[in-house]
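See below for the structure under consideration.
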Amino acid sequence: MSDCLFCRIVAGEVPATIVHETETTTAFRDISPQAPTHVVLVPHLHSPDAAALAVAAPGVLDDLFVAAGEVAKAEGIADSGYRLLFNTGADAGQTVFHAHLHLLGGRALGALA
C-alpha cells in the first residue's frame, strides 16, 4: 500500500535501520524505543493487524517469530530474555495499521498493566 509507512520501509522508500531481512519479513530499529533493544518486525505482506495476517497468511506469522529469535540472538538478548508484542487496534496502542511484532529487551521488563 503506497500510503502505509511500513510498506514504504519494506520497499526502501523510507529510511530505517534494518537489522534483519528475510524473503517475507523485515526487522528495523524502532524510532521511539521503549527498551535498550526495540526492534519492529514486519511482514512484507500488508495486513492491518496480527489477526488479519493469521487469516491471510498464517505461515508468515511463523516467519515473524523465527526472525524475532534470530534478531534476539544477534542483539545478545536471547539468553537474558526479551518480550514479543503485537498491538492490535487503536485502544491497544497500534498506530501503524500494518501487522508488526515488537521485540523488546536489554533490561528487565516489568509486568504489563
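Each chain in the C-alpha cells gets a letter, A, B, ..., in the order shown, and its residues are numbered from 1; ligands are numbered from 1 in order too.
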Determine, using only C-alpha atoms, which residues of range 62-111 of chain A have any atom at most 10 Å from an atom of range 28-37 of chain A, and tabulate each with its shortest atom pair and distance in Å to one decimal place, rows ordered by chain and then rising number, as a Markdown table.
| residue | atom | partner | partner_atom | distance |
| --- | --- | --- | --- | --- |
| A:Val71 | CA | A:Phe28 | CA | 9.8 |
| A:Ala72 | CA | A:Thr37 | CA | 8.9 |
| A:Glu75 | CA | A:Thr37 | CA | 7.5 |
| A:Gly76 | CA | A:Thr37 | CA | 9.6 |
| A:Ile77 | CA | A:Thr37 | CA | 8.4 |
| A:Tyr82 | CA | A:Thr37 | CA | 8.9 |
| A:His102 | CA | A:Asp30 | CA | 8.5 |
| A:Leu103 | CA | A:Thr37 | CA | 7.4 |
| A:Leu104 | CA | A:Thr37 | CA | 5.5 |
| A:Gly105 | CA | A:Thr37 | CA | 5.0 |
| A:Gly106 | CA | A:Pro36 | CA | 5.2 |
| A:Arg107 | CA | A:Pro36 | CA | 6.9 |
| A:Ala108 | CA | A:Ala35 | CA | 9.2 |
| A:Leu109 | CA | A:Ala35 | CA | 8.3 |
Counting only C-alpha atoms, what is within 9 Å of Thr88 in chain A, bar same-chain residues fewer than 3 positions away, as a VMD selection string?
chain A and resid 48 to 51 91 to 94 97 99
What does the file look like for those residues with N, CA and C atoms, as a compact mmCIF listing (two decimals), in the first residue's frame?
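And here is the file that came out, out16.txt:
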# COMPACT_ATOMS: atom_id res chain seq x y z
N PRO A 48 -3.69 -5.47 8.10
CA PRO A 48 -3.85 -4.39 9.07
C PRO A 48 -3.43 -4.73 10.50
N ASP A 49 -3.47 -6.02 10.87
CA ASP A 49 -3.08 -6.41 12.22
C ASP A 49 -2.75 -7.90 12.24
N ALA A 50 -2.31 -8.37 13.39
CA ALA A 50 -1.87 -9.76 13.50
C ALA A 50 -3.00 -10.75 13.25
N ALA A 51 -4.20 -10.44 13.71
CA ALA A 51 -5.33 -11.35 13.50
C ALA A 51 -5.64 -11.49 12.01
N ASP A 91 -7.01 1.07 20.61
CA ASP A 91 -7.05 1.01 22.08
C ASP A 91 -5.86 0.25 22.66
N ALA A 92 -5.23 -0.59 21.87
CA ALA A 92 -4.05 -1.33 22.32
C ALA A 92 -2.76 -0.57 22.04
N GLY A 93 -2.86 0.58 21.38
CA GLY A 93 -1.68 1.38 21.09
C GLY A 93 -1.14 1.21 19.68
N GLN A 94 -1.86 0.49 18.81
CA GLN A 94 -1.39 0.34 17.44
C GLN A 94 -1.56 1.68 16.72
N PHE A 97 -1.19 0.74 10.97
CA PHE A 97 -2.10 -0.38 10.76
C PHE A 97 -1.60 -1.31 9.65
N ALA A 99 0.36 -5.10 10.24
CA ALA A 99 0.76 -6.03 11.30
C ALA A 99 2.25 -5.90 11.58
Near Thr24 in chain A, counting only C-alpha atoms, which residues have an atom at most 12 Å away, once you skip same-chain residues fewer than 2 positions from it, shown as a VMD selection string?
chain A and resid 10 20 to 22 26 to 27 41 to 46 57 59 to 67
Kindly save the residues from that selection, with N, CA, C and O atoms included, as a PDB file, in the first residue's frame.
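Output file selection_13.pdb is given in full below:
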ATOM      1  N   VAL A  10       9.638  -1.288   3.852  1.00  0.00           N
ATOM      2  CA  VAL A  10       9.979  -2.551   3.197  1.00  0.00           C
ATOM      3  C   VAL A  10      10.431  -2.302   1.755  1.00  0.00           C
ATOM      4  O   VAL A  10      11.382  -2.914   1.272  1.00  0.00           O
ATOM      5  N   HIS A  20      17.631  -6.982  10.146  1.00  0.00           N
ATOM      6  CA  HIS A  20      17.438  -8.371   9.698  1.00  0.00           C
ATOM      7  C   HIS A  20      16.415  -8.355   8.581  1.00  0.00           C
ATOM      8  O   HIS A  20      15.443  -7.590   8.631  1.00  0.00           O
ATOM      9  N   GLU A  21      16.629  -9.221   7.590  1.00  0.00           N
ATOM     10  CA  GLU A  21      15.663  -9.294   6.499  1.00  0.00           C
ATOM     11  C   GLU A  21      15.626 -10.718   5.964  1.00  0.00           C
ATOM     12  O   GLU A  21      16.646 -11.384   5.878  1.00  0.00           O
ATOM     13  N   THR A  22      14.416 -11.168   5.661  1.00  0.00           N
ATOM     14  CA  THR A  22      14.223 -12.465   5.032  1.00  0.00           C
ATOM     15  C   THR A  22      13.357 -12.248   3.791  1.00  0.00           C
ATOM     16  O   THR A  22      12.975 -11.122   3.480  1.00  0.00           O
ATOM     17  N   THR A  26      10.924  -8.016   7.366  1.00  0.00           N
ATOM     18  CA  THR A  26      11.973  -7.021   7.554  1.00  0.00           C
ATOM     19  C   THR A  26      11.922  -6.578   9.010  1.00  0.00           C
ATOM     20  O   THR A  26      10.838  -6.368   9.566  1.00  0.00           O
ATOM     21  N   ALA A  27      13.095  -6.445   9.631  1.00  0.00           N
ATOM     22  CA  ALA A  27      13.200  -6.002  11.014  1.00  0.00           C
ATOM     23  C   ALA A  27      14.052  -4.742  11.059  1.00  0.00           C
ATOM     24  O   ALA A  27      15.115  -4.684  10.439  1.00  0.00           O
ATOM     25  N   LEU A  41       9.399  -5.895  13.756  1.00  0.00           N
ATOM     26  CA  LEU A  41       9.444  -6.892  12.684  1.00  0.00           C
ATOM     27  C   LEU A  41       8.130  -6.822  11.920  1.00  0.00           C
ATOM     28  O   LEU A  41       7.053  -6.881  12.527  1.00  0.00           O
ATOM     29  N   VAL A  42       8.218  -6.647  10.606  1.00  0.00           N
ATOM     30  CA  VAL A  42       7.021  -6.522   9.790  1.00  0.00           C
ATOM     31  C   VAL A  42       7.022  -7.555   8.678  1.00  0.00           C
ATOM     32  O   VAL A  42       8.071  -7.873   8.116  1.00  0.00           O
ATOM     33  N   PRO A  43       5.847  -8.083   8.358  1.00  0.00           N
ATOM     34  CA  PRO A  43       5.750  -8.945   7.181  1.00  0.00           C
ATOM     35  C   PRO A  43       5.757  -8.075   5.931  1.00  0.00           C
ATOM     36  O   PRO A  43       5.297  -6.930   5.956  1.00  0.00           O
ATOM     37  N   HIS A  44       6.265  -8.599   4.853  1.00  0.00           N
ATOM     38  CA  HIS A  44       6.223  -7.865   3.591  1.00  0.00           C
ATOM     39  C   HIS A  44       4.793  -7.764   3.081  1.00  0.00           C
ATOM     40  O   HIS A  44       4.437  -6.787   2.428  1.00  0.00           O
ATOM     41  N   LEU A  45       3.977  -8.744   3.400  1.00  0.00           N
ATOM     42  CA  LEU A  45       2.566  -8.738   3.028  1.00  0.00           C
ATOM     43  C   LEU A  45       1.825  -7.755   3.921  1.00  0.00           C
ATOM     44  O   LEU A  45       1.928  -7.819   5.147  1.00  0.00           O
ATOM     45  N   HIS A  46       1.078  -6.846   3.330  1.00  0.00           N
ATOM     46  CA  HIS A  46       0.313  -5.889   4.124  1.00  0.00           C
ATOM     47  C   HIS A  46      -0.962  -6.539   4.649  1.00  0.00           C
ATOM     48  O   HIS A  46      -1.780  -7.047   3.894  1.00  0.00           O
ATOM     49  N   ALA A  57      -2.329 -15.211   5.862  1.00  0.00           N
ATOM     50  CA  ALA A  57      -1.071 -15.927   5.603  1.00  0.00           C
ATOM     51  C   ALA A  57      -0.472 -16.419   6.919  1.00  0.00           C
ATOM     52  O   ALA A  57       0.513 -15.858   7.413  1.00  0.00           O
ATOM     53  N   GLY A  59       1.457 -18.763   7.775  1.00  0.00           N
ATOM     54  CA  GLY A  59       2.876 -19.105   7.759  1.00  0.00           C
ATOM     55  C   GLY A  59       3.772 -17.900   7.946  1.00  0.00           C
ATOM     56  O   GLY A  59       4.889 -18.025   8.452  1.00  0.00           O
ATOM     57  N   VAL A  60       3.286 -16.734   7.594  1.00  0.00           N
ATOM     58  CA  VAL A  60       4.084 -15.519   7.760  1.00  0.00           C
ATOM     59  C   VAL A  60       4.220 -15.170   9.240  1.00  0.00           C
ATOM     60  O   VAL A  60       5.242 -14.636   9.666  1.00  0.00           O
ATOM     61  N   LEU A  61       3.234 -15.509  10.049  1.00  0.00           N
ATOM     62  CA  LEU A  61       3.379 -15.336  11.499  1.00  0.00           C
ATOM     63  C   LEU A  61       4.542 -16.175  12.009  1.00  0.00           C
ATOM     64  O   LEU A  61       5.342 -15.707  12.828  1.00  0.00           O
ATOM     65  N   ASP A  62       4.646 -17.408  11.526  1.00  0.00           N
ATOM     66  CA  ASP A  62       5.781 -18.255  11.887  1.00  0.00           C
ATOM     67  C   ASP A  62       7.087 -17.565  11.507  1.00  0.00           C
ATOM     68  O   ASP A  62       8.040 -17.546  12.291  1.00  0.00           O
ATOM     69  N   ASP A  63       7.128 -17.006  10.303  1.00  0.00           N
ATOM     70  CA  ASP A  63       8.336 -16.323   9.829  1.00  0.00           C
ATOM     71  C   ASP A  63       8.716 -15.169  10.749  1.00  0.00           C
ATOM     72  O   ASP A  63       9.902 -14.952  11.032  1.00  0.00           O
ATOM     73  N   LEU A  64       7.716 -14.418  11.220  1.00  0.00           N
ATOM     74  CA  LEU A  64       7.998 -13.297  12.121  1.00  0.00           C
ATOM     75  C   LEU A  64       8.631 -13.783  13.419  1.00  0.00           C
ATOM     76  O   LEU A  64       9.599 -13.196  13.908  1.00  0.00           O
ATOM     77  N   PHE A  65       8.103 -14.873  13.973  1.00  0.00           N
ATOM     78  CA  PHE A  65       8.640 -15.380  15.235  1.00  0.00           C
ATOM     79  C   PHE A  65      10.029 -15.985  15.065  1.00  0.00           C
ATOM     80  O   PHE A  65      10.895 -15.809  15.926  1.00  0.00           O
ATOM     81  N   VAL A  66      10.267 -16.670  13.958  1.00  0.00           N
ATOM     82  CA  VAL A  66      11.611 -17.197  13.688  1.00  0.00           C
ATOM     83  C   VAL A  66      12.586 -16.035  13.537  1.00  0.00           C
ATOM     84  O   VAL A  66      13.682 -16.041  14.124  1.00  0.00           O
ATOM     85  N   ALA A  67      12.198 -15.011  12.793  1.00  0.00           N
ATOM     86  CA  ALA A  67      13.063 -13.842  12.613  1.00  0.00           C
ATOM     87  C   ALA A  67      13.321 -13.150  13.947  1.00  0.00           C
ATOM     88  O   ALA A  67      14.441 -12.718  14.226  1.00  0.00           O
TER      89      ALA A  67
END
Between A:Thr17, A:Ser80, A:Phe86, A:Ala74, which has the minimum distance to His98 in chain A (counting only C-alpha atoms)?
A:Phe86
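Running DSSP on the backbone gives strand (DSSP E or B) for these residues within chain A: Ile18, Val19, His20, Glu21, Thr25, Thr26, Ala27, Phe28, Arg29, Thr37, His38, Val39, Val40, Leu41, Val42, Pro43, Tyr82, Arg83, Leu84, Leu85, Leu101, His102, Leu103, Leu104 and Gly105 of chain A.
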